[in-house]
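Visitor: Input structure: start29.cif, which contains mmCIF, C-alpha atoms.
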data_run
#
loop_
_atom_site.label_atom_id
_atom_site.label_comp_id
_atom_site.auth_asym_id
_atom_site.auth_seq_id
_atom_site.Cartn_x
_atom_site.Cartn_y
_atom_site.Cartn_z
CA MET A 261 -17.94 48.55 71.87
CA PRO A 262 -20.58 45.84 71.48
CA ARG A 263 -20.30 43.26 68.76
CA PRO A 264 -21.44 44.96 65.54
CA ILE A 265 -24.62 43.05 64.78
CA GLU A 266 -28.14 44.28 65.26
CA ALA A 267 -31.68 43.79 64.07
CA LEU A 268 -33.93 46.72 63.27
CA VAL A 269 -37.73 46.60 63.28
CA HIS A 270 -39.25 49.12 60.88
CA ALA A 271 -42.44 50.54 62.39
CA GLU A 272 -43.55 52.37 59.25
CA SER A 273 -43.16 49.20 57.20
CA LEU A 274 -45.32 47.21 59.59
CA SER A 275 -48.06 49.83 59.43
CA HIS A 276 -47.79 50.02 55.65
CA ASN A 277 -48.02 46.24 55.27
CA LEU A 278 -51.05 46.05 57.53
CA GLY A 279 -52.61 48.68 55.31
CA ARG A 280 -51.99 46.43 52.33
CA ALA A 281 -54.11 43.75 53.99
CA ARG A 282 -56.89 46.29 54.43
CA ALA A 283 -56.62 47.35 50.81
CA CYS A 284 -57.00 43.74 49.68
CA ALA A 285 -60.00 43.19 51.96
CA PRO A 286 -61.70 46.59 52.26
CA ASP A 287 -64.91 45.16 53.69
CA ALA A 288 -63.25 42.90 56.26
CA ARG A 289 -61.76 43.36 59.67
CA VAL A 290 -58.10 42.50 60.03
CA TRP A 291 -56.34 40.34 62.57
CA ALA A 292 -52.70 41.27 63.03
CA VAL A 293 -51.14 37.87 63.70
CA VAL A 294 -48.47 38.25 66.39
CA LYS A 295 -47.78 34.62 67.26
CA ALA A 296 -44.15 33.62 67.88
CA ASN A 297 -43.47 36.99 69.49
CA ALA A 298 -44.74 38.84 66.41
CA TYR A 299 -42.80 36.56 64.07
CA GLY A 300 -39.60 37.36 65.93
CA HIS A 301 -40.06 41.13 65.78
CA GLY A 302 -41.22 41.46 69.39
CA ILE A 303 -44.80 42.12 70.44
CA GLU A 304 -43.89 45.21 72.44
CA ARG A 305 -41.83 46.63 69.57
CA ALA A 306 -44.48 45.94 66.94
CA PHE A 307 -47.54 46.90 68.97
CA GLU A 308 -47.83 50.63 68.25
CA ALA A 309 -47.30 50.06 64.53
CA LEU A 310 -50.02 47.39 64.50
CA ARG A 311 -52.57 48.78 66.88
CA GLY A 312 -54.60 49.98 63.91
CA ALA A 313 -55.64 46.34 63.46
CA ASP A 314 -59.12 45.29 64.50
CA GLY A 315 -57.71 42.50 66.64
CA PHE A 316 -54.62 40.47 67.42
CA ALA A 317 -54.31 36.74 66.82
CA LEU A 318 -51.77 34.51 68.55
CA LEU A 319 -51.27 31.16 70.26
CA ASP A 320 -49.76 31.77 73.64
CA LEU A 321 -51.66 32.85 76.74
CA ALA A 322 -48.58 34.65 78.03
CA GLU A 323 -48.44 36.67 74.82
CA ALA A 324 -52.12 37.55 75.25
CA GLU A 325 -51.31 38.81 78.75
CA ARG A 326 -48.53 40.96 77.27
CA LEU A 327 -51.00 42.56 74.86
CA ARG A 328 -53.44 43.34 77.65
CA ALA A 329 -50.54 44.82 79.64
CA LEU A 330 -49.97 47.16 76.68
CA ASP A 331 -53.53 48.40 77.27
CA TRP A 332 -55.02 46.66 74.24
CA ARG A 333 -58.73 46.30 74.98
CA GLY A 334 -59.86 45.00 71.61
CA PRO A 335 -60.28 41.41 70.42
CA ILE A 336 -57.52 38.83 70.97
CA LEU A 337 -57.99 35.44 69.34
CA LEU A 338 -56.24 32.24 70.42
CA LEU A 339 -55.68 30.52 67.09
CA GLU A 340 -55.24 27.04 68.59
CA GLY A 341 -57.73 27.56 71.38
CA VAL A 342 -56.99 26.43 74.90
CA PHE A 343 -54.68 23.56 75.77
CA GLU A 344 -56.27 22.49 79.07
CA PRO A 345 -59.45 23.33 81.01
CA ARG A 346 -57.90 25.85 83.38
CA ASP A 347 -56.85 28.02 80.41
CA LEU A 348 -60.51 28.99 80.13
CA GLU A 349 -60.22 30.88 83.42
CA LEU A 350 -57.66 33.19 81.82
CA CYS A 351 -59.86 33.52 78.74
CA SER A 352 -62.64 34.72 81.00
CA ARG A 353 -60.40 37.10 82.94
CA LEU A 354 -58.71 38.60 79.87
CA ASN A 355 -61.76 38.43 77.59
CA LEU A 356 -60.01 36.27 75.01
CA TRP A 357 -61.76 34.81 71.99
CA HIS A 358 -60.67 31.29 71.20
CA VAL A 359 -60.79 28.67 68.49
CA ILE A 360 -62.62 25.40 69.11
CA HIS A 361 -61.09 22.66 66.97
CA CYS A 362 -61.84 19.42 68.83
CA THR A 363 -64.50 17.74 70.96
CA GLU A 364 -62.40 17.95 74.12
CA GLN A 365 -62.38 21.74 73.96
CA ILE A 366 -66.19 21.73 73.84
CA ASP A 367 -66.25 19.39 76.86
CA TRP A 368 -63.96 21.74 78.81
CA LEU A 369 -66.09 24.75 77.91
CA ALA A 370 -69.28 22.93 78.97
CA ALA A 371 -67.76 22.36 82.43
CA HIS A 372 -66.36 25.90 82.73
CA LYS A 373 -68.02 28.24 85.23
CA THR A 374 -68.07 31.78 83.92
CA HIS A 375 -70.23 34.86 84.38
CA ALA A 376 -69.53 36.18 80.89
CA PRO A 377 -70.09 33.83 77.95
CA HIS A 378 -67.25 33.30 75.48
CA ARG A 379 -66.85 34.27 71.83
CA VAL A 380 -65.60 31.19 70.02
CA PHE A 381 -64.41 30.42 66.50
CA LEU A 382 -65.42 26.92 65.44
CA LYS A 383 -62.77 25.49 63.13
CA MET A 384 -63.49 23.23 60.19
CA ASN A 385 -60.87 20.97 58.66
CA SER A 386 -61.53 21.77 55.02
CA GLY A 387 -58.45 19.91 53.75
CA MET A 388 -55.42 21.19 55.66
CA ASN A 389 -55.66 18.15 57.99
CA ARG A 390 -54.08 19.76 61.00
CA LEU A 391 -56.76 21.19 63.30
CA GLY A 392 -60.52 21.31 63.02
CA PHE A 393 -63.64 19.21 62.75
CA GLN A 394 -64.19 17.11 59.66
CA PRO A 395 -67.07 18.45 57.53
CA GLN A 396 -69.39 15.65 58.58
CA ALA A 397 -68.81 16.47 62.26
CA LEU A 398 -68.89 20.27 62.12
CA ARG A 399 -72.62 20.81 62.35
CA ALA A 400 -72.97 18.59 65.44
CA ALA A 401 -70.12 20.53 67.07
CA TRP A 402 -71.88 23.79 66.19
CA ALA A 403 -75.13 22.53 67.72
CA ARG A 404 -73.38 21.56 70.95
CA LEU A 405 -71.72 24.96 71.24
CA ASN A 406 -74.93 26.77 70.40
CA ALA A 407 -76.68 25.02 73.29
CA LEU A 408 -74.07 26.02 75.89
CA PRO A 409 -74.76 28.98 78.20
CA GLN A 410 -70.98 29.47 78.29
CA VAL A 411 -71.01 30.49 74.61
CA ASP A 412 -72.04 33.93 73.45
CA GLU A 413 -71.34 33.94 69.71
CA ILE A 414 -70.02 31.32 67.29
CA SER A 415 -67.89 32.37 64.36
CA LEU A 416 -66.51 29.98 61.77
CA VAL A 417 -62.89 29.55 60.70
CA THR A 418 -60.78 27.39 58.42
CA HIS A 419 -57.24 27.49 57.05
CA PHE A 420 -56.01 27.09 53.48
CA SER A 421 -53.15 24.72 52.70
CA ASP A 422 -52.41 25.85 49.13
CA ALA A 423 -53.43 29.49 48.88
CA ASP A 424 -49.84 30.35 47.95
CA GLY A 425 -49.54 27.83 45.13
CA PRO A 426 -51.08 26.55 41.92
CA ARG A 427 -53.63 24.26 43.58
CA GLY A 428 -55.30 27.26 45.15
CA ILE A 429 -58.32 27.21 47.40
CA ALA A 430 -61.17 25.91 45.22
CA HIS A 431 -61.17 22.38 46.66
CA GLN A 432 -61.35 23.68 50.22
CA MET A 433 -63.92 26.33 49.39
CA ALA A 434 -66.17 23.64 47.93
CA ALA A 435 -66.02 21.62 51.16
CA TRP A 436 -66.47 24.76 53.23
CA GLU A 437 -69.50 26.03 51.36
CA ALA A 438 -71.19 22.63 51.28
CA THR A 439 -70.94 22.40 55.06
CA THR A 440 -71.36 25.97 56.33
CA HIS A 441 -73.52 27.74 53.75
CA ASP A 442 -76.57 28.06 56.04
CA LEU A 443 -74.83 28.43 59.40
CA PRO A 444 -74.91 31.88 60.99
CA GLY A 445 -71.85 33.72 62.25
CA GLU A 446 -68.86 35.61 60.96
CA ARG A 447 -66.25 33.86 58.85
CA SER A 448 -62.45 33.97 58.96
CA LEU A 449 -60.89 32.13 56.05
CA ALA A 450 -58.06 34.13 54.56
CA ASN A 451 -54.46 33.92 55.68
CA SER A 452 -51.82 36.19 54.08
CA ALA A 453 -51.65 34.24 50.83
CA ALA A 454 -55.42 34.06 50.42
CA THR A 455 -55.78 37.74 51.32
CA LEU A 456 -53.34 38.76 48.61
CA ARG A 457 -54.32 36.25 45.93
CA HIS A 458 -57.88 35.03 46.30
CA LEU A 459 -60.23 37.47 48.00
CA SER A 460 -61.49 38.75 44.67
CA ALA A 461 -62.68 35.23 43.80
CA ALA A 462 -66.39 34.58 43.91
CA GLY A 463 -67.63 32.89 47.06
CA VAL A 464 -64.89 33.98 49.44
CA ARG A 465 -66.63 35.76 52.29
CA ALA A 466 -64.18 37.73 54.38
CA ASP A 467 -65.52 39.04 57.67
CA TRP A 468 -62.05 38.71 59.17
CA VAL A 469 -58.69 38.23 57.41
CA ARG A 470 -55.56 37.01 59.15
CA ALA A 471 -52.57 39.15 58.22
CA GLY A 472 -49.58 37.05 59.22
CA ILE A 473 -46.40 36.96 57.17
CA LEU A 474 -47.47 39.83 54.92
CA THR A 475 -47.53 42.12 57.99
CA TYR A 476 -43.79 41.63 58.37
CA GLY A 477 -42.97 42.05 54.69
CA GLY A 478 -42.67 38.37 53.90
CA VAL A 479 -44.06 37.17 50.57
CA PRO A 480 -46.19 34.03 50.90
CA ASP A 481 -45.92 33.09 47.22
CA PHE A 482 -42.24 33.89 46.65
CA PRO A 483 -40.61 33.37 44.15
CA GLU A 484 -43.69 33.53 41.93
CA HIS A 485 -44.07 37.09 43.20
CA ASP A 486 -41.75 39.34 45.16
CA ALA A 487 -42.35 42.03 47.75
CA ALA A 488 -42.45 44.78 45.15
CA PHE A 489 -45.27 43.00 43.30
CA TRP A 490 -47.44 43.03 46.42
CA ASP A 491 -46.12 46.42 47.62
CA LEU A 492 -44.77 44.98 50.86
CA ARG A 493 -41.87 46.48 52.78
CA PRO A 494 -39.30 44.73 55.00
CA GLY A 495 -40.38 44.66 58.62
CA MET A 496 -36.91 43.67 59.79
CA THR A 497 -33.32 44.35 58.86
CA LEU A 498 -30.46 42.21 60.11
CA ARG A 499 -27.15 43.98 59.68
CA SER A 500 -23.57 43.72 60.83
CA ARG A 501 -20.08 44.83 59.73
CA LEU A 502 -16.89 43.43 58.33
CA ILE A 503 -14.46 42.57 61.08
CA ALA A 504 -11.61 41.32 58.84
CA THR A 505 -10.57 40.80 55.24
CA GLN A 506 -8.41 38.14 53.63
CA ASN A 507 -6.54 38.13 50.31
CA LEU A 508 -6.69 34.69 48.70
CA VAL A 509 -4.76 33.10 45.88
CA ALA A 510 -6.16 30.46 43.58
CA GLY A 511 -6.58 27.22 45.51
CA ASP A 512 -7.03 28.80 48.96
CA THR A 513 -10.07 27.55 50.86
CA VAL A 514 -12.46 29.32 53.23
CA GLY A 515 -14.00 28.13 56.48
CA TYR A 516 -14.71 24.80 58.12
CA GLY A 517 -14.62 21.82 55.83
CA SER A 518 -12.92 23.86 53.08
CA THR A 519 -16.19 23.87 51.15
CA PHE A 520 -15.16 26.88 49.05
CA THR A 521 -11.98 27.04 47.00
CA ALA A 522 -10.89 30.30 45.42
CA PRO A 523 -10.84 29.86 41.62
CA ALA A 524 -8.51 32.85 41.23
CA PRO A 525 -6.97 35.58 43.37
CA MET A 526 -9.78 37.26 45.32
CA ARG A 527 -10.56 39.18 48.45
CA VAL A 528 -13.06 38.00 51.04
CA GLY A 529 -14.57 39.72 54.04
CA VAL A 530 -15.44 38.24 57.41
CA VAL A 531 -18.81 39.31 58.86
CA ALA A 532 -19.76 39.29 62.53
CA CYS A 533 -22.79 37.05 62.05
CA GLY A 534 -23.21 33.30 62.33
CA TYR A 535 -25.67 30.59 63.17
CA ALA A 536 -25.63 31.53 66.87
CA ASP A 537 -27.19 34.81 65.74
CA GLY A 538 -29.93 33.00 63.83
CA TYR A 539 -28.41 33.11 60.36
CA PRO A 540 -28.97 29.68 58.76
CA ARG A 541 -25.94 27.41 59.00
CA HIS A 542 -27.11 25.57 55.91
CA ALA A 543 -26.96 28.73 53.75
CA PRO A 544 -24.61 27.69 50.93
CA THR A 545 -21.94 29.55 49.05
CA GLY A 546 -23.76 31.95 46.78
CA THR A 547 -26.39 33.12 49.26
CA PRO A 548 -27.09 36.80 48.46
CA ILE A 549 -25.86 39.50 50.81
CA LEU A 550 -25.24 43.26 50.63
CA VAL A 551 -21.89 44.83 51.48
CA ASP A 552 -22.15 48.62 51.65
CA GLY A 553 -25.37 48.23 49.71
CA VAL A 554 -23.67 46.30 46.90
CA ARG A 555 -25.00 42.85 46.13
CA THR A 556 -22.54 40.01 46.51
CA THR A 557 -22.60 36.47 47.93
CA THR A 558 -21.46 34.40 50.86
CA VAL A 559 -18.55 31.97 50.46
CA GLY A 560 -17.82 28.87 52.49
CA ARG A 561 -19.61 27.42 55.47
CA VAL A 562 -21.42 29.59 58.01
CA SER A 563 -19.84 29.19 61.44
CA MET A 564 -21.15 30.01 64.90
CA ASP A 565 -20.13 33.66 64.99
CA MET A 566 -18.88 34.53 61.51
CA LEU A 567 -19.46 34.08 57.82
CA ALA A 568 -17.42 35.09 54.78
CA VAL A 569 -18.40 37.13 51.74
CA ASP A 570 -16.95 37.72 48.31
CA LEU A 571 -15.63 41.29 48.10
CA THR A 572 -14.92 41.19 44.37
CA PRO A 573 -17.89 43.51 43.56
CA VAL A 574 -16.97 45.78 46.51
CA PRO A 575 -13.22 46.55 46.20
CA HIS A 576 -13.48 49.56 48.50
CA ALA A 577 -14.91 47.52 51.42
CA GLY A 578 -12.81 47.13 54.54
CA LEU A 579 -12.91 46.84 58.29
CA GLY A 580 -16.19 48.29 59.57
CA THR A 581 -18.06 48.29 56.26
CA GLU A 582 -21.79 47.71 56.76
CA VAL A 583 -23.21 44.33 55.75
CA THR A 584 -26.92 43.67 55.26
CA LEU A 585 -27.89 40.06 55.89
CA TRP A 586 -31.48 40.88 54.90
CA GLY A 587 -33.70 43.93 54.82
CA CYS A 588 -32.80 47.55 54.15
CA GLY A 589 -29.22 48.43 53.26
CA PRO A 590 -27.37 51.66 52.50
CA ARG A 591 -28.55 54.01 49.74
CA GLY A 592 -32.02 52.51 49.65
CA ARG A 593 -30.91 49.03 48.60
CA VAL A 594 -33.10 46.18 49.79
CA LEU A 595 -32.36 42.47 50.10
CA GLY A 596 -35.57 40.53 50.58
CA ILE A 597 -35.59 38.02 53.40
CA ASP A 598 -37.40 35.55 51.15
CA GLU A 599 -34.54 35.60 48.67
CA VAL A 600 -32.02 34.79 51.39
CA ALA A 601 -34.29 32.08 52.75
CA ARG A 602 -34.79 30.46 49.37
CA ALA A 603 -31.03 30.29 48.78
CA ALA A 604 -30.75 28.54 52.15
CA GLY A 605 -33.55 26.08 51.37
CA THR A 606 -36.00 27.51 53.88
CA ILE A 607 -38.63 30.27 54.13
CA GLY A 608 -38.57 33.82 55.39
CA TYR A 609 -40.85 32.95 58.31
CA GLU A 610 -38.11 30.78 59.81
CA LEU A 611 -35.41 33.42 59.47
CA MET A 612 -37.57 36.06 61.18
CA CYS A 613 -38.38 33.78 64.07
CA ALA A 614 -34.82 32.47 64.42
CA VAL A 615 -33.00 35.73 65.23
CA ALA A 616 -31.18 34.87 68.44
CA PRO A 617 -31.72 36.66 71.78
CA ARG A 618 -28.08 37.74 71.77
CA VAL A 619 -28.74 40.00 68.75
CA PRO A 620 -29.77 43.48 69.92
CA MET A 621 -33.10 44.44 68.36
CA SER A 622 -34.54 47.94 68.26
CA LEU A 623 -37.51 49.76 66.79
CA VAL A 624 -36.80 52.41 64.17
#
Step by step, read the file and then write its structure as structure tokens.
Guide:
Amino acid sequence: MPRPIEALVHAESLSHNLGRARACAPDARVWAVVKANAYGHGIERAFEALRGADGFALLDLAEAERLRALDWRGPILLLEGVFEPRDLELCSRLNLWHVIHCTEQIDWLAAHKTHAPHRVFLKMNSGMNRLGFQPQALRAAWARLNALPQVDEISLVTHFSDADGPRGIAHQMAAWEATTHDLPGERSLANSAATLRHLSAAGVRADWVRAGILTYGGVPDFPEHDAAFWDLRPGMTLRSRLIATQNLVAGDTVGYGSTFTAPAPMRVGVVACGYADGYPRHAPTGTPILVDGVRTTTVGRVSMDMLAVDLTPVPHAGLGTEVTLWGCGPRGRVLGIDEVARAAGTIGYELMCAVAPRVPMSLV
């Protein structure tokens, strides 16, 4: 039999979560963000569950080709735009919308020969300081684009750095409004955190919202809020089984480096999952895990193919017992990916994207 680890992608959860974005922004259109192979879930697996979106947003031209191969004829937006001039040929052929965030991209578009003009999203750097034109340069960039025969329609886009935290979006909204208030075109401002937390605020115009992590059941402002608060459901479950148990006496250690020492007699289980499967090596003793739907913790250091768990709360567990690394467990129990990620000092986004190719993944 194959090694007993698998990842499950929950189609109904993806559809439900996308619906939550719509509920938060009832007057907006929704991008389903499928960059990084749909946050590790697989574009082909997630597509049917997400095709109710108004458009798909991503980074990679090859991923855009995959969406068109799935017979998606609606909008596809390249969130970072093109990376070299010849990419514009594929934009023309596949009818891709693309972000313009720097002068060079305008230069490339001005030199591009196309029969059909392009829909572009002009990006303003409102304070994130990654991509986009500074406020004082945005209007000149807009004027250049507006004069190009290669451009059909100009929309406006920015990205919030602190929508998930206490600083919020007010400082960026002030810069945005001061610069763009009289420019025509649709706006796309809200990522997952802003969609959930800020769209009811005055002055946030939402023609398009970008449903990223929330689509997959991740909580952008965890631990302030959890998935239940936002009514989000896990898009992915990673599960395996116990392949061995060990009975320890006080003083016995577990795993490489002997980082865990048994304080008393105890029983531990060995799970067929390790860092080569995408589980974080740096997850410490005490990281939450479900064994047969019962909450317990990891013990010792995660190794390449295995990790150990405390079976004290699960005395009936034995060889073959189901283990939920994150997601949906037996009897309706759920272990949020964000909780596992926080224990490991990272975020749920990384865990989703890090599931290794050797882990079988299927749509349920």
Visitor: Find, counting all atoms listed in the file, the residue in A:Ser421, A:Ser452, A:Asn355, A:Thr547 that gets nearest to Val293 of chain A.
Guide: A:Ser452
Visitor: How many Å separate atom CA of Gly392 of chain A from atom CA of Ile336 of chain A?
Guide: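 Calculated distance between atom CA of Gly392 of chain A and atom CA of Ile336 of chain A is 19.5 Å.
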Visitor: Taking the file as I've supplied it (selection: the PyMOL selection byres ((chain A and resi 272-274) around 8)), which residues are included? Please answer as a VMD selection string.
Guide: chain A and resid 270 to 271 275 to 278 306 309 to 310 475 to 477 492 to 495
Visitor: Give me the result of the PyMOL selection byres ((chain A and resi 590-600) around 7) on this file, residue by residue, as an MDAnalysis selection string.
Guide: chainID A and resid 478:479 482 547:548 552:553 586:589 601:604 607:608
Visitor: Between A:Pro262, A:Pro540, A:Gly515, A:Gly334, which residue has the minimum interatomic distance to Val569 of chain A, considering all atoms listed in the file?
Guide: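 Using all atoms listed in the file, Val569 of chain A sits closest to A:Gly515.
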Visitor: Nearest to Leu416 of chain A among A:Ala454, A:Gly472, A:Val574, A:His358, with distances taken over all atoms listed in the file: which residue is it?
Guide: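 Result for the nearest residue to Leu416 of chain A: A:His358.
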Visitor: Can you work out the spacing between atom CA of Leu337 of chain A and atom CA of Gly538 of chain A in Å, to one decimal?
Guide: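 Atom CA of Gly538 of chain A lies at a distance of 28.7 Å from atom CA of Leu337 of chain A.
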Visitor: Using the chain letters and numbers from the file, give me the residues hit by the PyMOL selection byres ((chain A and resi 566) around 9), as a list of chain:residue names.
Guide: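 Given this file, the PyMOL selection byres ((chain A and resi 566) around 9) evaluates to A:Val530, A:Val531, A:Ala532, A:Cys533, A:Gly534, A:Tyr535, A:Val562, A:Ser563, A:Met564, A:Asp565, A:Leu567, A:Ala568.
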Visitor: Those residues with C-alpha atoms, as a PDB file, in the frame of the given file please?
Guide:
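Saved as out.pdb:
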ATOM      1  CA  VAL A 530     -15.440  38.240  57.410  1.00  0.00           C
ATOM      2  CA  VAL A 531     -18.810  39.310  58.860  1.00  0.00           C
ATOM      3  CA  ALA A 532     -19.760  39.290  62.530  1.00  0.00           C
ATOM      4  CA  CYS A 533     -22.790  37.050  62.050  1.00  0.00           C
ATOM      5  CA  GLY A 534     -23.210  33.300  62.330  1.00  0.00           C
ATOM      6  CA  TYR A 535     -25.670  30.590  63.170  1.00  0.00           C
ATOM      7  CA  VAL A 562     -21.420  29.590  58.010  1.00  0.00           C
ATOM      8  CA  SER A 563     -19.840  29.190  61.440  1.00  0.00           C
ATOM      9  CA  MET A 564     -21.150  30.010  64.900  1.00  0.00           C
ATOM     10  CA  ASP A 565     -20.130  33.660  64.990  1.00  0.00           C
ATOM     11  CA  LEU A 567     -19.460  34.080  57.820  1.00  0.00           C
ATOM     12  CA  ALA A 568     -17.420  35.090  54.780  1.00  0.00           C
TER      13      ALA A 568
END
Visitor: Need the shell around Arg326 of chain A: protein/DNA/RNA residues with any atom at most 12 Å away, counting all atoms listed in the file. Skip same-chain ones fewer than 2 positions apart. Format as a CSV table (one decimal) with C-alpha atoms, keeping the file's coordinate frame?
Guide:
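Final file, part_18.csv:
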chain,number,residue,atom,x,y,z
A,294,VAL,CA,-48.5,38.2,66.4
A,295,LYS,CA,-47.8,34.6,67.3
A,297,ASN,CA,-43.5,37.0,69.5
A,298,ALA,CA,-44.7,38.8,66.4
A,302,GLY,CA,-41.2,41.5,69.4
A,303,ILE,CA,-44.8,42.1,70.4
A,304,GLU,CA,-43.9,45.2,72.4
A,305,ARG,CA,-41.8,46.6,69.6
A,307,PHE,CA,-47.5,46.9,69.0
A,316,PHE,CA,-54.6,40.5,67.4
A,318,LEU,CA,-51.8,34.5,68.6
A,320,ASP,CA,-49.8,31.8,73.6
A,321,LEU,CA,-51.7,32.8,76.7
A,322,ALA,CA,-48.6,34.6,78.0
A,323,GLU,CA,-48.4,36.7,74.8
A,324,ALA,CA,-52.1,37.6,75.2
A,328,ARG,CA,-53.4,43.3,77.6
A,329,ALA,CA,-50.5,44.8,79.6
A,330,LEU,CA,-50.0,47.2,76.7
A,331,ASP,CA,-53.5,48.4,77.3
A,332,TRP,CA,-55.0,46.7,74.2
A,333,ARG,CA,-58.7,46.3,75.0
A,336,ILE,CA,-57.5,38.8,71.0
A,354,LEU,CA,-58.7,38.6,79.9
Visitor: Which residue, A:His542, A:Arg501, A:Arg427, A:Arg280, has the smallest gap to Leu579 of chain A when you use all atoms listed in the file?
Guide: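 Distance minimum relative to Leu579 of chain A lands on A:Arg501.
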Visitor: To one decimal place in Å, what is the distance between atom CA of Thr557 of chain A and atom CA of Pro544 of chain A?
Guide: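 Distance between the two atoms: 9.5 Å.
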Visitor: Nearest to Ile549 of chain A among A:Val464, A:Pro523, A:Leu498, A:Pro395, with distances taken over only C-alpha atoms: which residue is it?
Guide: A:Leu498
Visitor: Select, from A:Ala397, A:Leu338, A:His378, A:His458, the residue with the minimum atom-to-atom distance to Cys362 of chain A, counting all atoms listed in the file.
Guide: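 Selected residue with least distance to Cys362 of chain A: A:Ala397.
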Visitor: What's the 12 Å shell around Ala438 of chain A, counting all atoms listed in the file, without same-chain residues fewer than 5 positions away, as a tab-separated table (two decimals) with C-alpha atoms, keeping the file's coordinate frame?
Guide:
chain	number	residue	atom	x	y	z
A	384	MET	CA	-63.49	23.23	60.19
A	386	SER	CA	-61.53	21.77	55.02
A	395	PRO	CA	-67.07	18.45	57.53
A	396	GLN	CA	-69.39	15.65	58.58
A	398	LEU	CA	-68.89	20.27	62.12
A	399	ARG	CA	-72.62	20.81	62.35
A	431	HIS	CA	-61.17	22.38	46.66
A	432	GLN	CA	-61.35	23.68	50.22
A	433	MET	CA	-63.92	26.33	49.39
A	443	LEU	CA	-74.83	28.43	59.40
A	463	GLY	CA	-67.63	32.89	47.06
Visitor: Report as a PyMOL selection string all protein, DNA and RNA residues lying within 8 Å of segment 507-512 of chain A, evaluated on only C-alpha atoms, omitting residues in the same chain fewer than 5 positions from it.
Guide: chain A and resi 521-528
Visitor: Can you pull out the residues contacting Val583 of chain A? Cut-off 7 Å, using all atoms listed in the file, and skip same-chain residues under 5 positions away; I want them as a ChimeraX atom specification.
Guide: /A:499-502,550-552
Visitor: In the coordinates of the file, take the point (-63.8, 34.7, 73.9) and a cut-off of 10 Å; then, counting all atoms listed in the file, name each qualifying protein, DNA or RNA residue as a list in words.
Guide: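 Collected hits near the coordinates: Pro335, Ile336, Leu337, Leu338, Gly341, Leu348, Cys351, Ser352, Arg353, Leu354, Asn355, Leu356, Trp357, His358, Val359, Ala376, Pro377, His378, Arg379, Val380, Phe381, Gln410, Val411, Asp412, Glu413 and Ile414 of chain A.
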Visitor: Might I get the box with edges along x, y and z of the file that holds all atoms of segment 299-303 of chain A listed there, padded by 5 Å on every side, given as centre and edge lengths in Å to one decimal, as AutoDock Vina command-line options?
Guide:
--center_x -42.2 --center_y 39.3 --center_z 67.3 --size_x 15.2 --size_y 15.6 --size_z 16.4
Visitor: Extract, using only C-alpha atoms, all DNA, RNA and protein residues at most 9 Å from Gly425 of chain A, discarding same-chain residues fewer than 2 positions from it, and format them as a ChimeraX atom specification.
Guide: /A:421-423,427-428,453,481,484
